[in-house]
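Below is one structure; the comments refer to it alone.
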Amino acid sequence: MEKVFEFRPAEERLYAEWLAEDAFVPDWSALGPGYAVLMPPPNVTGVLHVGHLLNGTLQDVLVRRAWQEGRCVLWQPGTDHAGISLQVRVERELAAQGVDPRSLSREEFLAHAERWRDGHGDRILHQMRKLGICCDLSRRVHTLDPAYSRTVLHAFVELYRRGYVYRGRRMVNWCPVTRTAISDEEVIPQRRRGKLYRVRYALVDDPDSSIVVATTRPETIPGDVAVAVHPSDGRYRDLVGKFCRRPFPEAPIPIIADGAVDPDFGTGALKITPAHAAVDFAVGQRHGLPLREVIGADGRMGILAGRELAALTREEARERALQLLRERGLLLGEEEHLHSVGISERSGVPVEPRLSVQWFLRYPRVREAALAVTEGLLRFFPGHWEKTYLHWLDHIQDWCISRQLRWGHRIPVWYRKGADRDAADGRHVALDPPADGENWEREEDVLDTWFSSALWPLGTLGWPDAKAMVGNGFDRFYPTAALVTGPDIIFFWVARMVILSLEFLPGDGSPASLRRRIPFRHVHFTGIIRDGRGRKMSKSLGNSPEPLDLIGRHGADGVRFGLISSAVPGQDVQFSEERLAQGRHFCTKLWNACRLRLLQEGEPGCDRSSWRAIGDRLCAGELDSIDRDILFRSLEERRRWDRALAAYEFQPALLRLERFFRDDYCDWYVEVCKVRLRREAAGRSFLAVQDFLLRHLLQMLSPTIPFVAQELWRCLRLGGDGELLQKVLLEPAEALERLLAGRGIAFDGEDRRRSGALRAVLGAIRALRAEVGGSGPVYCLPGVRWEEGSRELLADLLGCGDFLPLAAAGDRPLAVTAWGTFAVDRDGGGRDRLWAERERLRGHVEASRARLAEGSAFLARAPAPVVEGARALLEKNLARLGQLDDLLAQGGGGGKLP
RNA sequence: GGGCAGCUAGCUCAACGGUUAGAGCAACCGGUUUACAUCCGGUAGGUUAGAGGUUCGAAUCCCCUGUUGCCCACCA
């Protein structure tokens with residue numbers, strides 16, 4: 001076995017082997033229900049970042065663990081066509097080549113887009129392979145694949161048929177850069193410092209009087225069709241019904257009363273621009289006001305804005321409008337104003353509320369989607385995200401699903417040429433075009449990318465094509481077991497998948513039906529990765545490390561271990577490369593622990609190729625408390641491990657296991673075994689114990705650090721030749737306990753006590769030696785009663801030969817005795833420690849006594865078992881205190897003791 | 001404006017109503033006899049953000065305040 005684990009070549013070799021053996025292809029022969037995980041499809045325009053690594057690692061752990069349980073496993077990968085994002089990228093590249101994208105026909109543009117996608121396509125998926133992910137790439141799905149596209153269009157047609165999809169002229173969030181509508185979820189509110197201007201609108205029949213409005217957007221003045229005040233606002237009561245003069249283009253507009261106006265904001269008078277603000281639109285509807293669209297689709301001012309403003313951008317128009325107001329003496333004042341502006345997620349510019357004809361989805365099954373969670377059929381980890389989800393469902397708004405883009409699923413609607421597009425008979429909504437295609441024209445818009453993503457659980461498993469569903473194992477894998485994703489897409493993706501899946505799979509709101517129809521049973525939300533200073537990882541900040549470099553430096557295993565160990569459940573992840581280095585160190589130590597095991601055995605080597613083989617080498621008679629304790633401690637750890645993983649508590653689980661490996665196995669048990677080996681004691685069962693522990697550890701760790709675990713599995717000959725560790729059944733703790741029982745090995749509390757006492761004494765003596773800076777002989781007070789073998793073992797672990805009787809000590813003897821956890825040095829070096837310990841104990845005892853004093857409130861009110869416990873504790877502490885006092889008396893002599 | 005989550009050692013976190021709050025990292029001290037590109041042992045470090053309340057007992061439950069991050073909301 002090599003002295004060091006060269007992870008770079010090993011990882012490459014092992015991964016190639018796994019691929020060659022089709023190790024990630026679902027095993028249809030496996031019994032029991034399937035286990036499926038849907039990988040959140042990375043964006044085709046995306047770049048691999050540390051978040052992908054964390055997310056991928058966690059899913060890989062779940063999936064590999066499912067393999068270990070012998071289940072039929074599917075980890076479904078794929079990519080998302082990233083509508084807006086990709087179209088913008090391609091348009092920018094075309095523009096850089098001097099091609100105006102708008103001059104291209106739809107087909108020409110799509111050809112460019114497809115070429116771009118095919119070039120970048122699933123790069124992230126391939127990069128993630130460096131991490132060792134075990135998804136079956138042969139099953140990858142792209143949202144624009146023909147089969148998946150049919151799923152999407154079929155869903156649209158069905159939703160239309162069922163009355164959930166409708167076409168409407170509405171106020172939408174318009175992105176002037178990409179020139180498309182976007183959904184409410186794609187608008188990011190941003191705090192911005194702006195100005196609130198007060199503008200005078202003169203009254204038509206009394207030009208000396210006026211009404212003053214407050215606005216942050218003077219450029220929309222040309223779109224004003226009214227000024228509104230609150231109906232109960234006394235200041236303006238007399239003005240309601242009169243007309244005032246819009247400054248430009250000049251025109252009389254009515255002063256109206258509407259409850260939507262907040263009398264306490266600004267001047268209490270609101271200019272109404274129905275075409276460019278949602279509230280104003282509503283007011284306009286109520287009052288039958290006309291629409292004046294003064295800002296065009298490209299964010300520039302239109303003809304109606306008047307000669308002065310037309311053709312300017314929104315920003316230029318604002319400056320110009322202010323200038324005009326100043327010239328005319330209409331600008332009465334301006335003040336700093338902090339307000340929130342909706343920013344388009346994709347282009348980063350303020351969205352423009354704009355009236356346009358779009359397709360909307362009225363969400364179906366909202367109540368059932370909530371019920372699935374409140375009934376506990378669909379569970380979130382950590383659970384508090386359920387509130388966020390339910391709150392969104394409670395306030396759900398129709399979803400604008402059409403996009404004025406070319407890249408995406410073109411909406412399957414045809415309009416009869418020349419007919420009214422809103423008339424039902426002028427429309428053909430179906431997967432296929434009408435027979436007399438020449439008389440129809442197809443809808444230009446495409447569907448929101450998230451609409452297609454929302455069908456991911458159904459589409460990837462073949463729905464609605466019955467044959468494909470059978471081929472893809474729908475019945476076996478649906479509902480999928482777990483989804484691992486970031487909480488930032490809980491509405492964008494998670495909730496929508498739930499809703500559409502519930503709609504399309506037949507059933508009612510009963511728990512049994514919901515359980516069958518939800519797309520996944522568990523959702524684990526990971527934290528967002530932040531840098532050491534708490535900032536989000538981002539390219540522009542330059543704080544985002546290159547993932548592949550990290551893997552190069554620390555190995556896939558090191559990165560996986562490190563990321564998990566920094567991912568505290570329910571919290572954002574503070575990234576630190578130090579953690580990854582620790583992960584690498586852990587792998588190195590594991591490697592060395594296994595190497596040591598091989599160095600310890602002569603030829604021929606032991607058989608540890610199965611649990612049975614190891615069990616056969618365990619002779620109950622050769623084991624003592626230390627062996628039994630560590631064996632059963634390992635089973636305890638295993639149970640905790642299982643419990644923690646079932647709750648998606650990866651980090652606490654892994655850290656605990658690491659502690660067990662380092663502290664209990666390496667620093668205690670292996671050191672004990674070294675002593676035994678040196679002594680050439682009869683019996684080698686402790687080597688079998690090591691094999692038992694290492695085998696178990698490697699199996700538990702394999703999902704987290706698959707490469708080094710697999711390599712060690714082979715080096716230690718823990719399985720047959722070329723056996724895939726990932727597919728070796730992980731026996732439940734109960735089975736291992738039965739195996740031990742079958743060999744006559746049973747656990748007894750006394751084992752834990754003795755083993756613990758020995759470790760404590762060892763620690764105490766070491767501490768004392770460290771304190772006095774010695775490594776010389778260790779002395780022992782007379783009268784110490786050693787348990788069988790303990791004295792020799794401790795002396796060997798300390799490397800001090802034997803404990804010398806204190807009487808034989810020289811001038812500056814280092815005297816140590818073993819009792820409980822205490823040690824003492826005759827010169828006083830250890831006495832302060834003892835004294836401090838005694839003080840601590842005395843404090844406990846006194847507190848306990850006070851609590852248990854006759855007539856105390858504690859005695860009167862506390863439940864009986866608690867009182868019992870307190871009494872027992874007092875007894876225990878009293879006993880220790882007494883022994884401690886004896887010890888202090890024996891070692892005493894200095895003036896420090898009472 | 002509403003909601004969610006956090007605030008515990010320099011840093012990252014435990015402690016899930018029950019002894020006088022514990023780990024890891026960093027710091028400092030010491031040891032490394034060949035498993036350990038490192039490892040081991042030890043020392044120090046706390047008014048649990050602040051105030052009030054409930055309780056026999058509070059880091060833990062409740063109320064208020066402060067603070068940080070996130071989400072939602074049409075304040076122009």
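Following the order of the structure tokens, chains are lettered A, B, ..., residues in each are numbered from 1, and ligands are numbered from 1.
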
Tell me, which residues of region 112-187 of chain A carry DSSP strand (DSSP E), written as a ChimeraX atom specification?
/A:141-142,165-175,180-182,187

Show me which bits of chain B are within 12 Å of chain A, counting only C-alpha atoms (C1' of nucleotides), as a VMD selection string.
chain B and resid 2 to 6 11 to 14 17 to 20 23 to 26 29 to 31 33 to 43 55 to 57 68 to 76

Spatial neighbours of region 24-27 of chain A, max dist 6 Å, only C-alpha atoms (C1' of nucleotides), sep filter under 3 positions, as a ChimeraX atom specification
/A:30,72-74,134-136

Test item, helix (DSSP H, G or I) assignment across region 634-769 of chain A, answer as a ChimeraX atom specification
/A:634-646,650-679,685-701,706-715,725-727,733-742,749-769

Could you jot down the CA of His276 (chain A) to CA of Ser402 (chain A) separation for me, Å, one decimal place?
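That distance, rounded to one decimal, is 19.6 Å.
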
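Near U65 (chain B), within 12 Å and counting only C-alpha atoms (C1' of nucleotides), sit A49, G50, A51, G52, C63 and U67 of chain B, not including residues fewer than 2 positions from it in the same chain.
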
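Ranking A:Tyr669, A:Trp174, A:Phe520, A:Trp414 by their shortest atom-to-atom distance to Ala297 (chain A), with only C-alpha atoms included, puts A:Trp174 first.
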
Neighbour list for Glu787 (chain A) as a VMD selection string, cut-off 12 Å, only C-alpha atoms (C1' of nucleotides), skip fewer than 6 positions in-chain
chain A and resid 624 to 625 754 to 755 757 to 758 793 to 794 818 to 819

When distances are computed from only C-alpha atoms, which of A:Arg139, A:Arg608, A:Arg743, A:Arg379 shows the smallest separation from Phe525 (chain A)?
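Smallest distance to Phe525 (chain A) is found for A:Arg379.
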
From the set A:Arg64, A:Arg791, A:His154, A:Arg516, which residue has the shortest atom-to-atom contact distance to Ala430 (chain A), counting only C-alpha atoms?
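Using only C-alpha atoms, the shortest distance to Ala430 (chain A) belongs to A:His154.
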
Residue neighbourhood Gly486 (chain A), 7 Å, only C-alpha atoms (C1' of nucleotides), exclusion window fewer than 3 positions, as a PyMOL selection string:
chain A and resi 489+525-528
